[in-house]
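Peer 1: Coordinates in upload-v8.pdb, PDB, C-alpha atoms, are listed below.
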MODEL        1
ATOM      1  CA  MET A  16     102.137 105.558 125.117
ATOM      2  CA  SER A  17     100.531 103.580 122.301
ATOM      3  CA  VAL A  18     101.971 100.242 121.254
ATOM      4  CA  THR A  19     102.574 101.572 117.745
ATOM      5  CA  VAL A  20     104.708 104.420 119.103
ATOM      6  CA  LEU A  21     106.574 101.974 121.334
ATOM      7  CA  SER A  22     107.317  99.605 118.459
ATOM      8  CA  GLN A  23     108.502 102.540 116.319
ATOM      9  CA  MET A  24     110.846 103.670 119.093
ATOM     10  CA  LEU A  25     112.272 100.161 119.451
ATOM     11  CA  ARG A  26     112.846  99.910 115.700
ATOM     12  CA  GLN A  27     114.560 103.327 115.649
ATOM     13  CA  ALA A  28     116.886 102.298 118.481
ATOM     14  CA  GLY A  29     117.902  99.156 116.588
ATOM     15  CA  ARG A  30     118.845 101.063 113.450
ATOM     16  CA  PHE A  31     121.989 102.509 115.015
ATOM     17  CA  ASN A  32     123.580  99.078 115.478
ATOM     18  CA  LYS A  33     123.763  98.159 111.792
ATOM     19  CA  SER A  34     126.922  98.371 109.742
ATOM     20  CA  LEU A  35     126.783 100.003 106.325
ATOM     21  CA  PRO A  36     125.526  97.628 103.610
ATOM     22  CA  SER A  37     127.341  96.956 100.348
ATOM     23  CA  LEU A  38     126.007  98.245  97.020
ATOM     24  CA  ALA A  39     124.827  94.729  96.112
ATOM     25  CA  GLN A  40     122.950  94.496  99.406
ATOM     26  CA  LEU A  41     121.368  97.896  98.790
ATOM     27  CA  ARG A  42     120.114  96.750  95.376
ATOM     28  CA  PHE A  43     118.764  93.511  96.849
ATOM     29  CA  TYR A  44     117.101  95.227  99.793
ATOM     30  CA  GLY A  45     115.651  97.893  97.506
ATOM     31  CA  THR A  46     114.001  95.221  95.371
ATOM     32  CA  GLU A  47     112.920  93.219  98.407
ATOM     33  CA  ASP A  48     111.592  96.378 100.098
ATOM     34  CA  ASN A  49     109.446  97.077  97.026
ATOM     35  CA  ARG A  50     108.056  93.536  97.109
ATOM     36  CA  ILE A  51     107.335  93.735 100.841
ATOM     37  CA  THR A  52     105.803  97.214 100.523
ATOM     38  CA  LYS A  53     103.356  95.786  97.975
ATOM     39  CA  MET A  54     102.588  92.860 100.292
ATOM     40  CA  VAL A  55     101.819  95.022 103.334
ATOM     41  CA  GLN A  56      99.659  97.355 101.259
ATOM     42  CA  ASN A  57      97.749  94.480  99.626
ATOM     43  CA  ASN A  58      95.418  93.946 102.587
ATOM     44  CA  LYS A  59      94.424  95.832 105.725
ATOM     45  CA  VAL A  60      96.037  93.134 107.884
ATOM     46  CA  VAL A  61      99.147  91.209 106.835
ATOM     47  CA  VAL A  62     101.036  88.612 108.864
ATOM     48  CA  PHE A  63     104.515  87.310 108.103
ATOM     49  CA  MET A  64     104.751  84.008 109.937
ATOM     50  CA  LYS A  65     106.424  80.623 110.136
ATOM     51  CA  GLY A  66     104.063  78.244 108.377
ATOM     52  CA  VAL A  67     100.546  79.006 107.211
ATOM     53  CA  PRO A  68      97.404  79.783 109.245
ATOM     54  CA  ALA A  69      96.134  76.200 108.905
ATOM     55  CA  GLU A  70      99.525  74.831 110.018
ATOM     56  CA  PRO A  71     101.666  77.320 111.943
ATOM     57  CA  ARG A  72     105.207  76.035 112.435
ATOM     58  CA  CYS A  73     106.039  77.850 115.664
ATOM     59  CA  GLY A  74     104.168  78.663 118.846
ATOM     60  CA  PHE A  75     104.417  82.420 118.369
ATOM     61  CA  SER A  76     102.953  82.249 114.852
ATOM     62  CA  ASN A  77     100.211  79.984 116.198
ATOM     63  CA  ALA A  78      99.394  82.526 118.924
ATOM     64  CA  VAL A  79      99.021  85.303 116.320
ATOM     65  CA  VAL A  80      96.736  83.062 114.228
ATOM     66  CA  GLN A  81      94.579  82.336 117.302
ATOM     67  CA  ILE A  82      94.305  86.032 118.185
ATOM     68  CA  MET A  83      93.271  86.862 114.611
ATOM     69  CA  ARG A  84      90.676  84.056 114.702
ATOM     70  CA  MET A  85      89.221  85.338 117.986
ATOM     71  CA  HIS A  86      88.799  88.761 116.416
ATOM     72  CA  GLY A  87      87.435  87.270 113.175
ATOM     73  CA  VAL A  88      90.030  89.172 111.146
ATOM     74  CA  GLU A  89      90.717  88.260 107.538
ATOM     75  CA  TYR A  90      94.383  88.730 106.698
ATOM     76  CA  ASP A  91      97.078  87.911 104.186
ATOM     77  CA  ALA A  92      99.600  85.449 105.562
ATOM     78  CA  HIS A  93     103.085  84.927 104.150
ATOM     79  CA  ASP A  94     105.178  81.896 105.114
ATOM     80  CA  VAL A  95     108.748  83.109 105.637
ATOM     81  CA  LEU A  96     110.036  79.527 105.923
ATOM     82  CA  SER A  97     109.250  78.911 102.263
ATOM     83  CA  ASP A  98     111.180  82.010 101.114
ATOM     84  CA  GLU A  99     114.571  82.787 102.682
ATOM     85  CA  GLN A 100     114.756  86.196 100.963
ATOM     86  CA  LEU A 101     111.401  87.133 102.456
ATOM     87  CA  ARG A 102     112.463  85.818 105.860
ATOM     88  CA  GLN A 103     115.482  88.127 105.991
ATOM     89  CA  GLY A 104     113.852  90.891 103.955
ATOM     90  CA  ILE A 105     110.932  91.380 106.334
ATOM     91  CA  LYS A 106     113.317  91.640 109.298
ATOM     92  CA  ASP A 107     115.270  94.354 107.490
ATOM     93  CA  PHE A 108     112.107  96.081 106.247
ATOM     94  CA  SER A 109     110.602  96.445 109.721
ATOM     95  CA  ASN A 110     113.919  96.517 111.565
ATOM     96  CA  TRP A 111     112.446  93.887 113.871
ATOM     97  CA  PRO A 112     114.466  90.695 114.473
ATOM     98  CA  THR A 113     111.734  88.143 115.080
ATOM     99  CA  ILE A 114     108.887  86.406 113.272
ATOM    100  CA  PRO A 115     105.859  86.646 113.256
ATOM    101  CA  GLN A 116     105.328  90.237 112.233
ATOM    102  CA  VAL A 117     101.932  91.912 111.966
ATOM    103  CA  PHE A 118     101.052  94.919 109.812
ATOM    104  CA  ILE A 119      97.759  96.809 110.050
ATOM    105  CA  ASN A 120      96.920  99.388 107.392
ATOM    106  CA  GLY A 121     100.448  99.126 105.999
ATOM    107  CA  GLU A 122     102.026  99.959 109.362
ATOM    108  CA  PHE A 123     104.164  97.570 111.374
ATOM    109  CA  VAL A 124     102.445  96.818 114.675
ATOM    110  CA  GLY A 125     104.830  94.265 116.167
ATOM    111  CA  GLY A 126     105.260  90.587 116.836
ATOM    112  CA  CYS A 127     103.442  88.043 118.938
ATOM    113  CA  ASP A 128     104.205  89.660 122.290
ATOM    114  CA  ILE A 129     102.958  93.089 121.236
ATOM    115  CA  LEU A 130      99.867  91.672 119.510
ATOM    116  CA  LEU A 131      99.040  89.638 122.625
ATOM    117  CA  GLN A 132      99.453  92.708 124.822
ATOM    118  CA  MET A 133      97.225  94.729 122.470
ATOM    119  CA  HIS A 134      94.623  91.942 122.508
ATOM    120  CA  GLN A 135      94.610  91.785 126.314
ATOM    121  CA  SER A 136      94.404  95.563 126.765
ATOM    122  CA  GLY A 137      91.748  96.122 124.090
ATOM    123  CA  ASP A 138      94.125  98.209 121.967
ATOM    124  CA  LEU A 139      93.883  95.685 119.125
ATOM    125  CA  ILE A 140      90.147  96.336 118.801
ATOM    126  CA  GLU A 141      90.915 100.058 118.501
ATOM    127  CA  GLU A 142      93.681  99.538 115.909
ATOM    128  CA  LEU A 143      91.379  97.314 113.869
ATOM    129  CA  LYS A 144      88.630  99.928 114.140
ATOM    130  CA  LYS A 145      91.028 102.581 112.743
ATOM    131  CA  ALA A 146      91.566 100.263 109.766
ATOM    132  CA  GLY A 147      87.809  99.946 109.251
ATOM    133  CA  ILE A 148      87.632  96.423 110.708
ATOM    134  CA  THR A 149      85.122  95.481 113.385
ATOM    135  CA  SER A 150      86.445  92.845 115.769
ATOM    136  CA  ALA A 151      84.252  89.780 116.253
ATOM    137  CA  LEU A 152      84.951  90.157 119.978
ATOM    138  CA  LEU A 153      83.338  93.580 119.895
ATOM    139  CA  ASP A 154      80.347  92.136 118.027
ATOM    140  CA  SER A 155      79.898  89.280 120.525
ATOM    141  CA  ALA A 156      80.266  91.650 123.503
ATOM    142  CA  GLN A 157      77.633  93.943 121.971
ATOM    143  CA  GLN A 158      75.278  90.996 121.387
ATOM    144  CA  LYS A 159      75.672  89.864 125.017
ATOM    145  CA  ASP A 160      75.075  93.420 126.207
ATOM    146  CA  ASP A 161      71.969  93.715 124.017
ATOM    147  CA  ALA A 162      70.694  90.333 125.256
ATOM    148  CA  GLY A 163      71.222  91.413 128.880
ATOM    149  CA  LYS A 164      69.244  94.600 128.291
ATOM    150  CA  SER A 165      66.308  92.714 126.755
ATOM    151  CA  ASP A 166      66.303  90.174 129.628
ATOM    152  CA  SER A 167      66.004  92.953 132.211
ATOM    153  CA  LYS A 168      62.879  94.409 130.597
TER     154      LYS A 168
ENDMDL
END
The structure given in the file should be rewritten as structure tokens.

Peer 2:
Amino acid sequence: MSVTVLSQMLRQAGRFNKSLPSLAQLRFYGTEDNRITKMVQNNKVVVFMKGVPAEPRCGFSNAVVQIMRMHGVEYDAHDVLSDEQLRQGIKDFSNWPTIPQVFINGEFVGGCDILLQMHQSGDLIEELKKAGITSALLDSAQQKDDAGKSDSK
């Protein structure tokens, strides 16, 4: 089962626990959903985190930044601590209760734990490839492989 399917199933399961929102909340969430939709479609990879990439303000956000650096991925980062509406809005948008949150090609992938699992299994390289992004880890592995082949000649 792919991680994307798993995260979708978890989000679906969480939707049944919510009470019905008021009309004012619906208007707010509708506006916030539009803003967040634009954000996640603005770049192939988007991260909603605590802090900024140069100064993450939690260990989980820092882990996501480090994984992205290892893969050499350029991404849009949004600091949820500087915008309370965004902080709550992104949780409602993805139906995921924790920060950081990672989107690839406009699709919610998951948080730190899922991204770490994808990184360790190699699934992140595949997801990035689907988005037209070549991981720096794949490039360095290919260079080592090519160097090994030329040494054996």

Peer 1: Find the residues with any atom within 12 Å of (96.4, 89.6, 123.9); use all atoms listed in the file and the coordinates as given in the file, and write the answer as a PyMOL selection string.

Peer 2: chain A and resi 78-83+85-86+126-140

Peer 1: Find, counting all atoms listed in the file, the residue in A:Lys53, A:Lys59, A:His93, A:Lys106 that gets nearest to Gly147 in chain A.

Peer 2: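 Among A:Lys53, A:Lys59, A:His93, A:Lys106, it is A:Lys59 that comes nearest to Gly147 in chain A.
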
Peer 1: CA of Gly125 in chain A to CA of Asn110 in chain A: how many Å, to one decimal?

Peer 2: 10.4 Å

Peer 1: Excluding Ile148 in chain A and its own-chain neighbours fewer than 5 positions away, which residues fall within 12 Å of it when counting all atoms listed in the file? Please give them as a list in words.

Peer 2: Asn58, Lys59, Val60, Met83, His86, Gly87, Val88, Glu89, Tyr90, Ile119, Asn120, Leu139, Ile140, Glu141, Glu142, Leu143, Leu153 and Asp154 of chain A

Peer 1: When you draw a straight line from CA of Glu99 in chain A to CA of Ala146 in chain A, how long is it in Å?

Peer 2: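 Here the two named atoms are 29.7 Å from each other.
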
Peer 1: Please evaluate the PyMOL selection byres ((chain A and resi 54) around 10) against the structure above and give the resulting residues as a PyMOL selection string.

Peer 2: chain A and resi 48-53+55-58+61-63+91-93+118+121

Peer 1: Identify which of the residues A:Lys65, A:Phe75, A:Leu101, A:Ser109 lies closest to Glu122 in chain A, counting only C-alpha atoms when measuring atom-to-atom distances.

Peer 2: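 Comparing A:Lys65, A:Phe75, A:Leu101, A:Ser109 against Glu122 in chain A, the winner is A:Ser109.
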
Peer 1: Would you compute the distance between CA of Ala151 in chain A and CA of Pro68 in chain A? Give it in Å to one decimal.

Peer 2: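 Between CA of Ala151 in chain A and CA of Pro68 in chain A the gap works out to 17.9 Å.
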
Peer 1: Within 10 Å of Arg102 in chain A, counting only C-alpha atoms, which residues qualify if same-chain residues fewer than 4 places away don't, as an mmCIF file with C-alpha atoms, keeping the file's coordinate frame?

Peer 2:
data_model
loop_
_atom_site.group_PDB
_atom_site.id
_atom_site.type_symbol
_atom_site.label_atom_id
_atom_site.label_comp_id
_atom_site.auth_asym_id
_atom_site.auth_seq_id
_atom_site.Cartn_x
_atom_site.Cartn_y
_atom_site.Cartn_z
ATOM 1 C CA PHE A 63 104.515 87.310 108.103
ATOM 2 C CA MET A 64 104.751 84.008 109.937
ATOM 3 C CA LYS A 65 106.424 80.623 110.136
ATOM 4 C CA HIS A 93 103.085 84.927 104.150
ATOM 5 C CA ASP A 94 105.178 81.896 105.114
ATOM 6 C CA VAL A 95 108.748 83.109 105.637
ATOM 7 C CA LEU A 96 110.036 79.527 105.923
ATOM 8 C CA SER A 97 109.250 78.911 102.263
ATOM 9 C CA ASP A 98 111.180 82.010 101.114
ATOM 10 C CA LYS A 106 113.317 91.640 109.298
ATOM 11 C CA ASP A 107 115.270 94.354 107.490
ATOM 12 C CA THR A 113 111.734 88.143 115.080
ATOM 13 C CA ILE A 114 108.887 86.406 113.272
ATOM 14 C CA PRO A 115 105.859 86.646 113.256
#

Peer 1: Would you place a box with edges along x, y and z of the file around all atoms of range 109-126 of chain A listed there, add 3 Å to each of its six sides, and report the centre and edge lengths in Å to one decimal, as JSON?

Peer 2:
{"center_x": 105.7, "center_y": 93.2, "center_z": 111.4, "size_x": 23.5, "size_y": 19.6, "size_z": 16.8}
